[in-house]
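query.cif follows (mmCIF, C-alpha atoms and all ligand atoms):
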data_target
#
loop_
_atom_site.label_atom_id
_atom_site.label_comp_id
_atom_site.auth_asym_id
_atom_site.auth_seq_id
_atom_site.Cartn_x
_atom_site.Cartn_y
_atom_site.Cartn_z
CA MET A 1 12.62 -1.89 -23.40
CA LYS A 2 9.60 0.33 -22.76
CA ALA A 3 9.18 2.10 -19.43
CA LEU A 4 7.09 4.80 -17.77
CA VAL A 5 9.51 7.66 -17.18
CA TYR A 6 9.05 10.67 -14.90
CA HIS A 7 10.24 13.93 -16.47
CA GLY A 8 9.55 16.39 -13.65
CA PRO A 9 6.24 17.57 -12.12
CA GLY A 10 3.26 16.84 -14.38
CA LYS A 11 5.38 15.12 -17.03
CA LYS A 12 5.67 11.45 -17.85
CA SER A 13 6.04 9.32 -20.96
CA TRP A 14 6.03 5.68 -22.07
CA GLU A 15 9.32 5.46 -23.89
CA ASP A 16 12.37 3.39 -24.78
CA LYS A 17 14.98 2.92 -22.07
CA PRO A 18 17.98 0.61 -21.92
CA ALA A 19 17.09 -2.74 -20.33
CA PRO A 20 18.43 -3.06 -16.76
CA THR A 21 21.58 -5.07 -16.12
CA LEU A 22 23.07 -6.58 -12.97
CA ILE A 23 25.15 -4.06 -11.04
CA LYS A 24 25.89 -5.96 -7.82
CA SER A 25 26.18 -9.69 -7.24
CA THR A 26 23.10 -9.52 -4.97
CA ASP A 27 20.87 -8.13 -7.77
CA ALA A 28 18.26 -9.89 -9.86
CA ILE A 29 16.64 -8.82 -13.12
CA VAL A 30 12.90 -9.47 -13.18
CA ARG A 31 10.73 -9.43 -16.29
CA ILE A 32 7.49 -7.75 -15.22
CA THR A 33 4.27 -9.66 -15.93
CA ARG A 34 1.87 -7.53 -13.84
CA THR A 35 2.27 -4.14 -12.23
CA THR A 36 0.04 -1.35 -10.94
CA ILE A 37 -0.08 2.36 -10.18
CA CYS A 38 -0.02 3.64 -6.59
CA GLY A 39 -1.31 6.87 -5.10
CA THR A 40 2.35 7.53 -4.29
CA ASP A 41 3.13 7.63 -8.03
CA LEU A 42 0.53 10.40 -8.39
CA HIS A 43 2.22 12.29 -5.52
CA ILE A 44 5.56 11.99 -7.34
CA LEU A 45 3.97 13.34 -10.53
CA LYS A 46 2.54 16.28 -8.59
CA GLY A 47 6.06 17.13 -7.47
CA ASP A 48 5.47 16.23 -3.81
CA THR A 49 8.64 14.09 -3.66
CA PRO A 50 11.43 16.32 -5.01
CA GLU A 51 14.05 13.63 -4.37
CA VAL A 52 12.71 11.75 -7.41
CA GLU A 53 14.91 12.79 -10.30
CA PRO A 54 13.67 13.42 -13.84
CA GLY A 55 14.46 10.35 -15.96
CA ARG A 56 13.41 7.94 -13.21
CA ILE A 57 11.25 4.92 -14.11
CA LEU A 58 8.30 4.88 -11.69
CA GLY A 59 6.56 1.97 -9.91
CA HIS A 60 7.22 -0.09 -6.79
CA GLU A 61 4.68 -2.88 -7.08
CA GLY A 62 4.47 -5.94 -9.32
CA VAL A 63 5.06 -9.59 -10.03
CA GLY A 64 7.28 -11.15 -12.65
CA VAL A 65 9.69 -13.84 -13.72
CA ILE A 66 13.41 -13.89 -12.91
CA GLU A 67 15.53 -13.39 -16.01
CA GLU A 68 18.97 -13.28 -14.44
CA VAL A 69 20.50 -13.34 -10.95
CA GLY A 70 23.84 -12.15 -9.61
CA GLU A 71 26.26 -14.77 -8.34
CA ALA A 72 25.54 -14.03 -4.68
CA VAL A 73 21.78 -14.63 -5.04
CA SER A 74 20.94 -18.03 -3.61
CA ASN A 75 17.16 -18.07 -3.09
CA PHE A 76 16.17 -17.53 -6.72
CA LYS A 77 17.08 -18.70 -10.21
CA GLN A 78 16.14 -17.88 -13.76
CA GLY A 79 12.49 -18.68 -14.49
CA ASP A 80 11.23 -18.33 -10.90
CA HIS A 81 7.95 -16.46 -10.46
CA VAL A 82 8.33 -13.75 -7.84
CA LEU A 83 6.46 -11.07 -5.96
CA ILE A 84 8.38 -7.79 -5.77
CA SER A 85 8.19 -6.04 -2.40
CA CYS A 86 7.89 -2.24 -2.45
CA ILE A 87 10.57 -2.30 0.25
CA THR A 88 14.12 -3.36 -0.59
CA SER A 89 16.04 -4.84 2.33
CA CYS A 90 19.56 -6.17 2.76
CA GLY A 91 18.62 -8.46 5.66
CA ARG A 92 21.90 -7.66 7.43
CA CYS A 93 21.89 -4.11 8.78
CA SER A 94 20.76 -3.19 12.30
CA TYR A 95 17.30 -2.09 11.11
CA CYS A 96 16.78 -5.25 9.04
CA LYS A 97 17.74 -7.29 12.10
CA LYS A 98 14.81 -5.64 13.89
CA GLN A 99 12.53 -6.31 10.88
CA LEU A 100 12.39 -2.54 10.29
CA TYR A 101 12.99 -3.19 6.61
CA SER A 102 11.58 0.20 5.62
CA HIS A 103 14.65 1.72 7.29
CA CYS A 104 17.21 -0.65 5.73
CA GLU A 105 20.53 1.17 5.48
CA ASP A 106 20.93 -0.01 1.88
CA GLY A 107 17.28 -0.18 0.87
CA GLY A 108 13.86 0.86 2.17
CA TRP A 109 11.51 2.43 -0.35
CA ILE A 110 13.91 2.97 -3.23
CA LEU A 111 12.10 1.33 -6.20
CA GLY A 112 10.54 3.91 -8.48
CA HIS A 113 11.87 6.53 -6.07
CA LEU A 114 15.68 6.57 -5.84
CA ILE A 115 16.29 3.78 -8.40
CA ASP A 116 14.31 2.69 -11.47
CA GLY A 117 11.05 0.92 -10.71
CA THR A 118 8.54 -1.65 -11.90
CA GLN A 119 6.44 0.22 -14.48
CA ALA A 120 8.63 -1.19 -17.21
CA GLU A 121 9.19 -4.38 -19.15
CA SER A 122 11.92 -5.35 -16.68
CA VAL A 123 13.47 -4.09 -13.47
CA ARG A 124 16.66 -4.56 -11.44
CA ILE A 125 15.95 -5.64 -7.87
CA PRO A 126 18.81 -5.07 -5.38
CA HIS A 127 19.21 -7.50 -2.46
CA ALA A 128 17.05 -9.96 -4.36
CA ASP A 129 17.24 -12.71 -1.74
CA ASN A 130 15.49 -10.53 0.83
CA SER A 131 13.39 -8.25 -1.40
CA LEU A 132 11.61 -10.82 -3.56
CA TYR A 133 9.16 -13.53 -2.49
CA PRO A 134 8.66 -16.82 -4.34
CA ILE A 135 5.14 -17.27 -5.72
CA PRO A 136 3.74 -20.73 -5.01
CA ALA A 137 2.34 -22.54 -8.05
CA GLY A 138 -1.38 -22.05 -8.57
CA VAL A 139 -1.75 -18.71 -6.76
CA ASP A 140 -3.52 -15.90 -8.63
CA GLU A 141 -0.50 -13.77 -9.56
CA GLU A 142 -2.61 -10.77 -10.46
CA ALA A 143 -4.08 -10.70 -6.95
CA LEU A 144 -0.57 -10.87 -5.49
CA VAL A 145 0.28 -7.47 -6.98
CA MET A 146 -1.82 -6.13 -4.09
CA LEU A 147 0.77 -7.67 -1.73
CA SER A 148 3.67 -5.56 -2.99
CA ASP A 149 2.52 -2.57 -0.99
CA ILE A 150 -1.12 -1.89 -0.14
CA LEU A 151 -2.04 -5.04 1.80
CA PRO A 152 1.04 -5.08 4.05
CA THR A 153 0.65 -1.31 4.52
CA GLY A 154 -3.01 -1.49 5.57
CA PHE A 155 -2.35 -4.56 7.71
CA GLU A 156 0.93 -3.62 9.46
CA ILE A 157 0.46 0.12 9.91
CA GLY A 158 -3.35 0.06 10.31
CA VAL A 159 -4.57 -3.25 11.75
CA LEU A 160 -1.51 -4.50 13.66
CA ALA A 161 -0.38 -1.11 14.94
CA GLY A 162 -3.99 -0.36 15.92
CA GLN A 163 -4.16 -3.67 17.81
CA VAL A 164 -7.53 -4.68 16.36
CA LYS A 165 -9.08 -7.38 18.57
CA PRO A 166 -12.18 -9.61 18.45
CA GLY A 167 -15.26 -7.58 19.30
CA ASP A 168 -13.61 -4.20 18.73
CA SER A 169 -15.26 -1.29 17.02
CA VAL A 170 -13.00 -0.03 14.26
CA ALA A 171 -13.35 3.07 12.10
CA ILE A 172 -11.29 3.38 8.93
CA VAL A 173 -11.17 6.93 7.63
CA GLY A 174 -10.41 6.80 3.90
CA ALA A 175 -11.76 4.15 1.51
CA GLY A 176 -8.91 4.25 -1.00
CA PRO A 177 -6.83 1.15 -1.78
CA VAL A 178 -4.90 1.22 1.52
CA GLY A 179 -8.02 1.88 3.61
CA MET A 180 -9.68 -1.03 1.80
CA ALA A 181 -6.62 -3.20 2.51
CA ALA A 182 -7.05 -2.38 6.22
CA LEU A 183 -10.75 -3.24 5.92
CA LEU A 184 -10.00 -6.66 4.41
CA THR A 185 -7.22 -7.59 6.83
CA ALA A 186 -8.96 -6.26 9.97
CA GLN A 187 -11.43 -9.09 9.44
CA PHE A 188 -8.71 -11.62 10.43
CA TYR A 189 -9.50 -10.51 13.99
CA SER A 190 -13.32 -10.51 13.91
CA PRO A 191 -14.00 -6.94 15.06
CA ALA A 192 -17.67 -6.36 15.90
CA ARG A 193 -17.92 -3.16 13.97
CA LEU A 194 -16.07 -1.95 10.88
CA ILE A 195 -17.10 1.59 10.07
CA MET A 196 -15.83 2.94 6.76
CA VAL A 197 -15.65 6.71 6.31
CA ASP A 198 -15.12 8.52 3.00
CA THR A 199 -16.55 11.34 0.89
CA ASN A 200 -17.01 9.12 -2.18
CA SER A 201 -20.25 7.16 -2.12
CA SER A 202 -19.21 4.62 -4.77
CA ARG A 203 -16.16 3.72 -2.67
CA LEU A 204 -18.42 3.34 0.35
CA ASP A 205 -20.70 1.00 -1.64
CA MET A 206 -17.62 -1.04 -2.52
CA ALA A 207 -16.58 -1.11 1.16
CA LYS A 208 -19.95 -2.68 2.05
CA THR A 209 -19.24 -5.56 -0.31
CA PHE A 210 -15.77 -5.96 1.30
CA GLY A 211 -17.19 -6.42 4.79
CA ALA A 212 -17.80 -2.94 6.26
CA THR A 213 -20.65 -3.14 8.78
CA ASP A 214 -21.38 0.58 8.49
CA THR A 215 -20.46 3.22 5.94
CA LEU A 216 -20.54 6.90 6.50
CA ASN A 217 -20.19 9.80 4.07
CA SER A 218 -18.12 12.54 5.70
CA ALA A 219 -18.76 15.12 2.96
CA ASN A 220 -21.04 17.23 5.16
CA GLY A 221 -18.54 17.42 8.00
CA ASP A 222 -20.47 15.57 10.72
CA ALA A 223 -18.53 12.29 10.66
CA VAL A 224 -17.56 12.59 14.33
CA ALA A 225 -21.18 13.06 15.48
CA GLN A 226 -22.34 10.17 13.30
CA ILE A 227 -19.67 7.81 14.64
CA MET A 228 -20.41 8.80 18.24
CA ALA A 229 -24.11 8.09 17.57
CA LEU A 230 -23.24 4.68 16.09
CA THR A 231 -21.18 3.77 19.17
CA ASN A 232 -23.58 4.96 21.93
CA GLY A 233 -21.47 8.03 22.52
CA LYS A 234 -18.35 6.01 23.37
CA GLY A 235 -16.30 6.21 20.21
CA VAL A 236 -14.26 3.45 18.59
CA ASP A 237 -11.55 1.18 19.95
CA VAL A 238 -9.43 1.67 16.85
CA ALA A 239 -9.38 4.66 14.50
CA ILE A 240 -7.33 4.06 11.35
CA GLU A 241 -6.36 7.19 9.40
CA ALA A 242 -5.87 6.28 5.73
CA VAL A 243 -5.94 9.63 3.93
CA GLY A 244 -3.16 11.87 5.24
CA ILE A 245 -4.77 15.29 5.67
CA PRO A 246 -5.48 17.31 8.85
CA SER A 247 -9.30 16.93 8.67
CA THR A 248 -9.21 13.12 8.55
CA PHE A 249 -6.62 12.97 11.34
CA ASP A 250 -8.96 15.22 13.35
CA ILE A 251 -11.83 12.79 12.90
CA CYS A 252 -9.63 10.02 14.31
CA GLN A 253 -8.53 11.94 17.39
CA ASN A 254 -12.14 12.88 18.13
CA ILE A 255 -13.62 9.38 17.88
CA VAL A 256 -11.09 7.26 19.77
CA THR A 257 -12.49 5.83 23.01
CA ALA A 258 -10.60 5.54 26.31
CA GLY A 259 -7.93 2.86 26.02
CA GLY A 260 -8.20 2.98 22.22
CA HIS A 261 -5.70 3.34 19.44
CA ILE A 262 -5.15 5.81 16.61
CA ALA A 263 -3.18 4.15 13.81
CA ASN A 264 -2.02 6.66 11.24
CA VAL A 265 -1.42 5.13 7.81
CA GLY A 266 -1.93 8.23 5.65
CA VAL A 267 1.03 10.05 4.13
CA HIS A 268 0.89 13.58 5.52
CA GLY A 269 2.26 16.62 3.72
CA LYS A 270 1.21 19.14 6.39
CA SER A 271 1.34 19.27 10.18
CA VAL A 272 -1.77 18.44 12.18
CA GLU A 273 -3.01 19.86 15.48
CA LEU A 274 -2.66 17.14 18.07
CA HIS A 275 -5.21 17.55 20.89
CA ILE A 276 -2.99 16.18 23.60
CA GLU A 277 -4.90 18.29 26.16
CA LYS A 278 -7.88 15.95 25.65
CA LEU A 279 -6.06 12.77 24.72
CA TRP A 280 -3.47 12.59 27.50
CA ALA A 281 -5.87 11.23 30.10
CA GLN A 282 -7.59 8.81 27.71
CA ASN A 283 -4.93 6.06 27.84
CA ILE A 284 -4.72 5.96 24.08
CA THR A 285 -1.86 5.08 21.77
CA LEU A 286 -0.97 6.90 18.58
CA THR A 287 1.12 5.07 16.02
CA ALA A 288 2.48 5.92 12.58
CA GLY A 289 4.98 4.38 10.26
CA LEU A 290 6.21 3.12 6.96
CA VAL A 291 5.40 -0.41 5.90
CA ASN A 292 8.10 -3.00 6.65
CA THR A 293 6.55 -5.78 4.55
CA ASN A 294 7.61 -8.29 7.22
CA THR A 295 4.06 -9.73 7.06
CA THR A 296 4.22 -10.42 3.31
CA PRO A 297 4.87 -14.19 3.68
CA MET A 298 1.95 -14.50 6.10
CA LEU A 299 -0.35 -12.52 3.79
CA MET A 300 0.74 -14.69 0.87
CA GLN A 301 -0.33 -17.78 2.83
CA THR A 302 -3.75 -16.31 3.57
CA VAL A 303 -4.23 -15.60 -0.15
CA GLN A 304 -3.07 -19.09 -1.07
CA ALA A 305 -5.50 -20.58 1.46
CA GLY A 306 -8.39 -18.49 0.14
CA ARG A 307 -8.78 -16.56 3.41
CA LEU A 308 -8.00 -13.24 1.75
CA ALA A 309 -9.12 -12.25 -1.77
CA PRO A 310 -7.21 -9.12 -2.73
CA SER A 311 -8.36 -9.42 -6.36
CA GLN A 312 -11.54 -7.67 -5.16
CA LEU A 313 -9.53 -4.46 -5.13
CA ILE A 314 -8.85 -4.59 -8.88
CA SER A 315 -11.28 -2.33 -10.72
CA HIS A 316 -9.56 -1.95 -14.11
CA ARG A 317 -7.16 -3.88 -16.33
CA PHE A 318 -4.95 -2.50 -19.09
CA ALA A 319 -2.15 -3.75 -21.30
CA LEU A 320 1.20 -2.46 -20.02
CA ASN A 321 1.49 -0.50 -23.28
CA ASP A 322 -1.64 1.46 -22.33
CA ILE A 323 -0.16 2.73 -19.08
CA ILE A 324 -0.72 6.39 -19.97
CA GLU A 325 -4.46 5.73 -20.23
CA ALA A 326 -4.29 3.70 -17.00
CA TYR A 327 -2.74 6.74 -15.25
CA ARG A 328 -5.59 8.90 -16.55
CA VAL A 329 -8.22 6.51 -15.19
CA PHE A 330 -6.45 6.00 -11.83
CA GLY A 331 -5.86 9.76 -11.52
CA ASP A 332 -9.60 10.36 -11.99
CA ALA A 333 -10.58 7.62 -9.55
CA ALA A 334 -13.83 9.19 -8.34
CA LYS A 335 -15.30 9.62 -11.83
CA GLU A 336 -13.94 6.34 -13.18
CA LYS A 337 -14.83 4.37 -10.01
CA ALA A 338 -11.24 3.16 -9.97
CA MET A 339 -9.64 1.35 -7.05
CA LYS A 340 -6.55 -0.52 -8.25
CA VAL A 341 -5.63 -0.81 -11.93
CA ILE A 342 -3.65 -3.78 -13.19
CA LEU A 343 -1.22 -3.53 -16.09
CA CYS A 344 -0.59 -6.81 -17.89
CA ALA A 345 2.58 -7.34 -19.87
CA GLU A 346 1.38 -10.45 -21.67
ZN ZN B 401 2.42 1.77 -3.59
ZN ZN B 402 19.15 -3.64 5.75
#

Go through the file and emit its structure as C-alpha cells.
Ligand SMILES: [Zn+2]
Ligand SMILES: [Zn+2]
Amino acid sequence: MKALVYHGPGKKSWEDKPAPTLIKSTDAIVRITRTTICGTDLHILKGDTPEVEPGRILGHEGVGVIEEVGEAVSNFKQGDHVLISCITSCGRCSYCKKQLYSHCEDGGWILGHLIDGTQAESVRIPHADNSLYPIPAGVDEEALVMLSDILPTGFEIGVLAGQVKPGDSVAIVGAGPVGMAALLTAQFYSPARLIMVDTNSSRLDMAKTFGATDTLNSANGDAVAQIMALTNGKGVDVAIEAVGIPSTFDICQNIVTAGGHIANVGVHGKSVELHIEKLWAQNITLTAGLVNTNTTPMLMQTVQAGRLAPSQLISHRFALNDIIEAYRVFGDAAKEKAMKVILCAE
C-alpha cells in the first residue's frame, strides 16, 4: 500500500509500505477513505517530537471502513464505517476508568506518533472497540474527519475546561483549526461575546462567518488594550489560548477578568512567565491538557442533528495520492488560505 512516511526532520515521502496486519486480538484494520493533515504533523516534520522514529507513517485523524477485526473485537465487523479517534484507549486501565483516555496506559496519542498512522491506504487500530466510533448512516463522513482530533480538542480543552456559560465574554487567541473548533463549539453555550484574535486577517474573516462577534488583529501588539476596550475595561470571562507561544499566553493572562478562566489548548515548546503575583487574588482558574475524546459521541450527535457543521473548516480537498502537494498547501496556510485539507482515497 501507499503511505506518507517520515524520514527524519524535513523529510517525508509517499511510498510503498507493507499493508498493516492484525497483531493483537483487540486490533482492527481500517481502510482509509478520508484523512487530513494536522499542525502536529508539521511539528513532527520540523523535528519537534524526537520520539517519532524515521520510517513512521504519519497521521492520527480519519474515517474509513473496517477490513478485518481481531477475534476479541466485539463492537465492529468487516464493512462497518468508522471514525478513528486520535486517542487510542484500552477502556480498562485506571486512567481510562476516569475517562482520561489521553493517558491510557496502553494507548493515548500513539497513532502517527509511536505506531503507524492514518495517512495511508490502511491502518491498524489497537483497542478497536474503544478507539473507533461507528458512523451512523447518512452522516457527512468528510465532516466527521474534524471529529478525530480538532473538534474534541477545542471543545474539551478550550470550551469545557474554560467553563463557557450563557452570556459570557470569551476570547479565543489563535484562529487556526483548533481555535476555530473552540469557536464553533463555544456556541453550544450561547456566550454573549466571542472575540477571535489572530495575526492573519483572512482567518479572522473566516472566523466572522463561523460566529465570532468581534475579530481582532494582534499583529501590532495591542491585543490586550483592544480587548479591554471591547469589554469596558473588565476583560473576558474565558480566555482560550490556541497557539502555544509565550506572547499568546501573555495575552490570555492579561485579559482574564476576576473569577474568569484561562484554558490553555496550545502546544507549548517553551516555558511562559506566569504572572501569579497579579493573578492570585483574581479568583481565576488556569487549565491545560491533552484531549481525551470522551466527548466524541456527543459531538457526533450534534453533527448528525445539524447543530454543528464542521465541514465549514475544510478549505481544500486533494486525492490521497496528492498528499505531498496537500502538505505544501497546509504548510503555507497563510498564503494558501488553508484551514483543514481533506485527502480522499476514492
Ligand atoms: Zn491532529
Ligand atoms: Zn487505558

Quick one: contact table of chain A to ligand ZN 401 (chain B), 10 Å max, nearest atom pair and distance in Å to one decimal per residue, counting all atoms listed in the file, chain and number order, as CSV?
residue,atom,partner,partner_atom,distance
A:Thr36,CA,B:ZN401,ZN,8.3
A:Ile37,CA,B:ZN401,ZN,7.1
A:Cys38,CA,B:ZN401,ZN,4.3
A:Gly39,CA,B:ZN401,ZN,6.5
A:Thr40,CA,B:ZN401,ZN,5.8
A:Asp41,CA,B:ZN401,ZN,7.4
A:Gly59,CA,B:ZN401,ZN,7.6
A:His60,CA,B:ZN401,ZN,6.1
A:Glu61,CA,B:ZN401,ZN,6.2
A:Gly62,CA,B:ZN401,ZN,9.8
A:Ser85,CA,B:ZN401,ZN,9.8
A:Cys86,CA,B:ZN401,ZN,6.9
A:Ile87,CA,B:ZN401,ZN,9.9
A:Trp109,CA,B:ZN401,ZN,9.7
A:Gly112,CA,B:ZN401,ZN,9.7
A:Met146,CA,B:ZN401,ZN,9.0
A:Leu147,CA,B:ZN401,ZN,9.8
A:Ser148,CA,B:ZN401,ZN,7.5
A:Asp149,CA,B:ZN401,ZN,5.1
A:Ile150,CA,B:ZN401,ZN,6.2
A:Leu151,CA,B:ZN401,ZN,9.8
A:Thr153,CA,B:ZN401,ZN,8.9
A:Pro177,CA,B:ZN401,ZN,9.4
A:Val178,CA,B:ZN401,ZN,8.9

Per residue of chain A within 8 Å of ligand ZN 402 (chain B), which atom pair is closest and at what distance in Å (one decimal), using all atoms listed in the file, listed by chain and increasing number, as CSV?
residue,atom,partner,partner_atom,distance
A:Ser89,CA,B:ZN402,ZN,4.8
A:Cys90,CA,B:ZN402,ZN,3.9
A:Gly91,CA,B:ZN402,ZN,4.8
A:Arg92,CA,B:ZN402,ZN,5.2
A:Cys93,CA,B:ZN402,ZN,4.1
A:Ser94,CA,B:ZN402,ZN,6.8
A:Tyr95,CA,B:ZN402,ZN,5.9
A:Cys96,CA,B:ZN402,ZN,4.4
A:Lys97,CA,B:ZN402,ZN,7.5
A:Tyr101,CA,B:ZN402,ZN,6.2
A:His103,CA,B:ZN402,ZN,7.2
A:Cys104,CA,B:ZN402,ZN,3.6
A:Glu105,CA,B:ZN402,ZN,5.0
A:Asp106,CA,B:ZN402,ZN,5.6
A:Gly107,CA,B:ZN402,ZN,6.3
A:Gly108,CA,B:ZN402,ZN,7.8

Those selected residues, please, written with C-alpha atoms and delivered as a CSV table (one decimal), in the frame of the given file.
chain,number,residue,atom,x,y,z
A,89,SER,CA,16.0,-4.8,2.3
A,90,CYS,CA,19.6,-6.2,2.8
A,91,GLY,CA,18.6,-8.5,5.7
A,92,ARG,CA,21.9,-7.7,7.4
A,93,CYS,CA,21.9,-4.1,8.8
A,94,SER,CA,20.8,-3.2,12.3
A,95,TYR,CA,17.3,-2.1,11.1
A,96,CYS,CA,16.8,-5.2,9.0
A,97,LYS,CA,17.7,-7.3,12.1
A,101,TYR,CA,13.0,-3.2,6.6
A,103,HIS,CA,14.6,1.7,7.3
A,104,CYS,CA,17.2,-0.6,5.7
A,105,GLU,CA,20.5,1.2,5.5
A,106,ASP,CA,20.9,0.0,1.9
A,107,GLY,CA,17.3,-0.2,0.9
A,108,GLY,CA,13.9,0.9,2.2

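Minimum atom-to-atom distances from A:His127, A:His113, A:Lys165, A:Lys98 to Ser25 of chain A were compared using all atoms listed in the file, and the lowest value belongs to A:His127.
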
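Considering only C-alpha atoms, the residue among A:Val73, A:Cys344, A:Ile157, A:Ile172 positioned nearest to Val265 of chain A is A:Ile157.
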
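Among the candidate residues A:Ala334, A:Ile262, A:Leu343, A:Leu114, the one lying nearest to Ile32 of chain A is A:Leu343, with distances computed using all atoms listed in the file.
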
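Interatomic distance, atom CA of Val5 of chain A to atom CA of Leu58 of chain A: 6.3 Å.
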
Contacts of Asn264 of chain A at 10 Å (all atoms listed in the file; same-chain gap of 6+ positions) as JSON, numbers by chain: {"A": [154, 157, 158, 161, 162, 173, 239, 240, 241, 242, 243, 244, 249, 252, 286, 287, 288, 289, 290]}

Skip Gln253 of chain A itself and residues of its chain fewer than 3 positions away, then list as a CSV table (one decimal) with C-alpha atoms, in the frame of the given file all residues within 12 Å of it, counting only C-alpha atoms.
chain,number,residue,atom,x,y,z
A,171,ALA,CA,-13.4,3.1,12.1
A,173,VAL,CA,-11.2,6.9,7.6
A,224,VAL,CA,-17.6,12.6,14.3
A,235,GLY,CA,-16.3,6.2,20.2
A,236,VAL,CA,-14.3,3.4,18.6
A,237,ASP,CA,-11.6,1.2,20.0
A,238,VAL,CA,-9.4,1.7,16.8
A,239,ALA,CA,-9.4,4.7,14.5
A,240,ILE,CA,-7.3,4.1,11.4
A,241,GLU,CA,-6.4,7.2,9.4
A,246,PRO,CA,-5.5,17.3,8.8
A,247,SER,CA,-9.3,16.9,8.7
A,248,THR,CA,-9.2,13.1,8.6
A,249,PHE,CA,-6.6,13.0,11.3
A,250,ASP,CA,-9.0,15.2,13.4
A,256,VAL,CA,-11.1,7.3,19.8
A,257,THR,CA,-12.5,5.8,23.0
A,258,ALA,CA,-10.6,5.5,26.3
A,260,GLY,CA,-8.2,3.0,22.2
A,261,HIS,CA,-5.7,3.3,19.4
A,262,ILE,CA,-5.2,5.8,16.6
A,263,ALA,CA,-3.2,4.2,13.8
A,264,ASN,CA,-2.0,6.7,11.2
A,272,VAL,CA,-1.8,18.4,12.2
A,273,GLU,CA,-3.0,19.9,15.5
A,274,LEU,CA,-2.7,17.1,18.1
A,275,HIS,CA,-5.2,17.6,20.9
A,276,ILE,CA,-3.0,16.2,23.6
A,277,GLU,CA,-4.9,18.3,26.2
A,278,LYS,CA,-7.9,16.0,25.6
A,279,LEU,CA,-6.1,12.8,24.7
A,280,TRP,CA,-3.5,12.6,27.5
A,282,GLN,CA,-7.6,8.8,27.7
A,284,ILE,CA,-4.7,6.0,24.1
A,285,THR,CA,-1.9,5.1,21.8
A,286,LEU,CA,-1.0,6.9,18.6
A,287,THR,CA,1.1,5.1,16.0

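Using only C-alpha atoms, the smallest distance between any of A:Ser169, A:Ser74, A:Ser315, A:Thr209 and Ile255 of chain A comes from A:Ser169.
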
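Comparing A:Met1, A:Ala120, A:Ala333, A:Ala225 by their smallest distance to Ala319 of chain A, the closest is A:Ala120 (using all atoms listed in the file).
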
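Closest approach to Ser271 of chain A from the set A:Val341, A:Leu204, A:Ile245, A:Val139 is made by A:Ile245, with distances taken over only C-alpha atoms.
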
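Our summary of the geometry notes that atom CA of Ile84 of chain A is positioned 6.7 Å from atom CA of Tyr133 of chain A.
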
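The list of residues with at least one atom within 8 Å of Leu183 of chain A, based on all atoms listed in the file and without residues fewer than 2 positions apart in the same chain, reads Gly154, Ile172, Gly179, Met180, Ala181, Thr185, Ala186, Gln187, Leu194, Ala207, Phe210, Gly211 and Ala212 of chain A.
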
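What separates atom CA of Pro310 of chain A from atom CA of Leu144 of chain A is a distance of 7.4 Å.
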
Gly47 of chain A surroundings by only C-alpha atoms, 12 Å radius, close-in-sequence under 2 positions cut, as a ChimeraX atom specification: /A:6-12,40-45,49-54,269

Centre and edge lengths, as lines of an AutoDock Vina configuration file, for the axis-aligned box enclosing every listed atom of segment 251-269 of chain A with 5 Å of padding on each of the six sides, in Å to one decimal?
center_x = -5.7
center_y = 9.7
center_z = 15.0
size_x = 25.9
size_y = 23.8
size_z = 32.6

Just want the 10 Å neighbourhood of Gly167 of chain A, counted on all atoms listed in the file, with same-chain residues fewer than 2 positions away dropped. Output as number ranges by chain. A: 164-165, 169-170, 189-193, 237

Taking the partial coordinates given, rebuild segment 52-63 of chain A to contain N, CA and C atoms; return it as a CSV table (one decimal), in the coordinates of the input.
chain,number,residue,atom,x,y,z
A,52,VAL,N,12.8,12.6,-6.2
A,52,VAL,CA,12.7,11.8,-7.4
A,52,VAL,C,13.2,12.6,-8.6
A,53,GLU,N,14.3,12.0,-9.2
A,53,GLU,CA,14.9,12.8,-10.3
A,53,GLU,C,14.2,12.6,-11.6
A,54,PRO,N,14.2,13.6,-12.5
A,54,PRO,CA,13.7,13.4,-13.8
A,54,PRO,C,14.5,12.3,-14.5
A,55,GLY,N,13.8,11.5,-15.3
A,55,GLY,CA,14.5,10.4,-16.0
A,55,GLY,C,14.2,9.0,-15.2
A,56,ARG,N,13.7,9.1,-14.0
A,56,ARG,CA,13.4,7.9,-13.2
A,56,ARG,C,12.2,7.1,-13.7
A,57,ILE,N,12.4,5.8,-13.8
A,57,ILE,CA,11.2,4.9,-14.1
A,57,ILE,C,10.5,4.7,-12.8
A,58,LEU,N,9.1,5.0,-12.9
A,58,LEU,CA,8.3,4.9,-11.7
A,58,LEU,C,7.8,3.4,-11.4
A,59,GLY,N,7.2,3.3,-10.3
A,59,GLY,CA,6.6,2.0,-9.9
A,59,GLY,C,7.3,1.2,-8.8
A,60,HIS,N,6.6,0.7,-7.9
A,60,HIS,CA,7.2,-0.1,-6.8
A,60,HIS,C,6.4,-1.3,-6.4
A,61,GLU,N,5.5,-1.7,-7.3
A,61,GLU,CA,4.7,-2.9,-7.1
A,61,GLU,C,4.7,-3.8,-8.3
A,62,GLY,N,4.6,-5.1,-8.1
A,62,GLY,CA,4.5,-5.9,-9.3
A,62,GLY,C,4.9,-7.4,-9.0
A,63,VAL,N,4.6,-8.2,-10.0
A,63,VAL,CA,5.1,-9.6,-10.0
A,63,VAL,C,5.7,-9.8,-11.4
